[in-house]
Amino acid sequence: MYRTEADFRNRLADCQGTVKIDGNPIGMGHRVAMKLLLIEDDPSISEPLAEKLRRSGFEVLASPTAAGGLELAEQADLILLDLGLPDLDGAEVCRRIRASSSVPIIVISARGEEIDRVLLLESGADDYLVKPFGTRELIARVRAVMRRTDNDDTEDTRTVGSLVIDLDAHRVHLGDEELDLTPKEFDLLTHLSAAPGSIHRRRDILEAVWDEHWYGPSKTLDVHVASLRRKLGDPAWIETVRGVGFRFVELQ
């Protein structure tokens, strides 16, 4: 077990080769279809598993601690969560993620008792896989959970305080007034409002709203945030977290 997350990341980087699909490196005409977050403190499990998942076409983020996993959770399409973490029990991690996000969670654990499965599923996990398991079974579970959650995702209108966002029609109302937003302002608002109260890092916002390979000036983000604040009528809707990014705050 590594003493710090930095040690873990340095070692994990050694097994991060270039993923290829049909013989072509990802990034050269291909994009990773799904981003997985692996929260697992045992490197003898996490390193080979991360490598196998990458070879299967997934992008993999990894953390050996609950704290690191909670920090990365909003970047993931699906989370693979171990229960025996060194700083916080996985069940509590599951509850904290579920309190602010609907990202699918698959628990991977050596605890195979029925009561453990029931408690985790009631805490918000979408599936439970007992160690040891095969990579093919895990990938099948990942794809099954994603199909199920995609089918369940019927959100077309989002309400945050007095703000109503019509995701299908790309229209936004603040009280009785409709806001005139540009397409990028709408995308920015949609991204920030998906997790009110959570911190959104600048780089993550640029990648999500502009492009994952965005190399333009980060000042672009500040200009759009300032414009969006003006149109919302109160800068308190979008709080600046100095040196990190922004937090969307629900106002009535």
# chains A, B, ... in the order shown; residues from 1 in each chain; ligands from 1
call {"tool": "residues_around", "arguments": {"residues": "region 197-202 of chain A", "least_positions_apart": "4", "cutoff": "8 Å", "atoms": "only C-alpha atoms", "output": "VMD selection string"}}
result
chain A and resid 100 192 206 218 221 241 244 to 250
call {"tool": "write_last_selection", "arguments": {"atoms": "N, CA and C atoms", "output": "PDB file, in the first residue's frame"}}
result
ATOM      1  N   SER A 100     -25.077  14.137  -3.927  1.00  0.00           N
ATOM      2  CA  SER A 100     -24.957  15.269  -4.841  1.00  0.00           C
ATOM      3  C   SER A 100     -24.854  14.872  -6.298  1.00  0.00           C
ATOM      4  N   LEU A 192     -22.747  23.879 -14.794  1.00  0.00           N
ATOM      5  CA  LEU A 192     -22.590  24.308 -13.409  1.00  0.00           C
ATOM      6  C   LEU A 192     -23.792  23.913 -12.557  1.00  0.00           C
ATOM      7  N   LEU A 206     -13.694  23.951 -18.820  1.00  0.00           N
ATOM      8  CA  LEU A 206     -13.240  24.202 -20.192  1.00  0.00           C
ATOM      9  C   LEU A 206     -13.344  22.951 -21.043  1.00  0.00           C
ATOM     10  N   SER A 218      -7.746  30.748 -20.818  1.00  0.00           N
ATOM     11  CA  SER A 218      -8.757  30.454 -19.815  1.00  0.00           C
ATOM     12  C   SER A 218      -9.604  31.676 -19.508  1.00  0.00           C
ATOM     13  N   LEU A 221     -13.326  31.603 -20.200  1.00  0.00           N
ATOM     14  CA  LEU A 221     -14.260  31.139 -19.174  1.00  0.00           C
ATOM     15  C   LEU A 221     -14.712  32.302 -18.293  1.00  0.00           C
ATOM     16  N   VAL A 241     -14.364  30.287  -6.541  1.00  0.00           N
ATOM     17  CA  VAL A 241     -13.540  29.603  -5.545  1.00  0.00           C
ATOM     18  C   VAL A 241     -12.090  29.885  -5.938  1.00  0.00           C
ATOM     19  N   VAL A 244      -9.248  27.751  -7.740  1.00  0.00           N
ATOM     20  CA  VAL A 244      -9.791  26.437  -8.078  1.00  0.00           C
ATOM     21  C   VAL A 244     -10.768  26.520  -9.241  1.00  0.00           C
ATOM     22  N   GLY A 245     -11.860  27.268  -9.059  1.00  0.00           N
ATOM     23  CA  GLY A 245     -12.864  27.321 -10.108  1.00  0.00           C
ATOM     24  C   GLY A 245     -14.112  28.051  -9.644  1.00  0.00           C
ATOM     25  N   PHE A 246     -15.270  27.410  -9.835  1.00  0.00           N
ATOM     26  CA  PHE A 246     -16.536  28.064  -9.528  1.00  0.00           C
ATOM     27  C   PHE A 246     -17.498  27.088  -8.853  1.00  0.00           C
ATOM     28  N   ARG A 247     -18.419  27.668  -8.099  1.00  0.00           N
ATOM     29  CA  ARG A 247     -19.471  26.890  -7.444  1.00  0.00           C
ATOM     30  C   ARG A 247     -20.813  27.535  -7.771  1.00  0.00           C
ATOM     31  N   PHE A 248     -21.783  26.718  -8.233  1.00  0.00           N
ATOM     32  CA  PHE A 248     -23.117  27.219  -8.518  1.00  0.00           C
ATOM     33  C   PHE A 248     -23.950  27.166  -7.236  1.00  0.00           C
ATOM     34  N   VAL A 249     -24.554  28.287  -6.884  1.00  0.00           N
ATOM     35  CA  VAL A 249     -25.281  28.401  -5.622  1.00  0.00           C
ATOM     36  C   VAL A 249     -26.767  28.578  -5.914  1.00  0.00           C
ATOM     37  N   GLU A 250     -27.601  27.802  -5.259  1.00  0.00           N
ATOM     38  CA  GLU A 250     -29.044  27.884  -5.465  1.00  0.00           C
ATOM     39  C   GLU A 250     -29.623  29.082  -4.718  1.00  0.00           C
TER      40      GLU A 250
END
call {"tool": "select_by_dssp", "arguments": {"residues": "region 17-216 of chain A", "states": "strand (DSSP E or B)", "output": "count of residues only"}}
result
45
call {"tool": "closest_residue", "arguments": {"among": "A:Ser227, A:Thr240, A:Leu251, A:Ala99", "to": "Leu181 (chain A)", "atoms": "only C-alpha atoms"}}
result
A:Ser227
call {"tool": "atom_distance", "arguments": {"atom1": "CA of Gly57 (chain A)", "atom2": "CA of Leu70 (chain A)"}}
result
23.7 Å
call {"tool": "closest_residue", "arguments": {"among": "A:Glu114, A:Glu185, A:Glu177, A:Glu40", "to": "Val223 (chain A)", "atoms": "only C-alpha atoms"}}
result
A:Glu185
call {"tool": "atom_distance", "arguments": {"atom1": "CA of Phe133 (chain A)", "atom2": "CA of Arg147 (chain A)"}}
result
20.9 Å
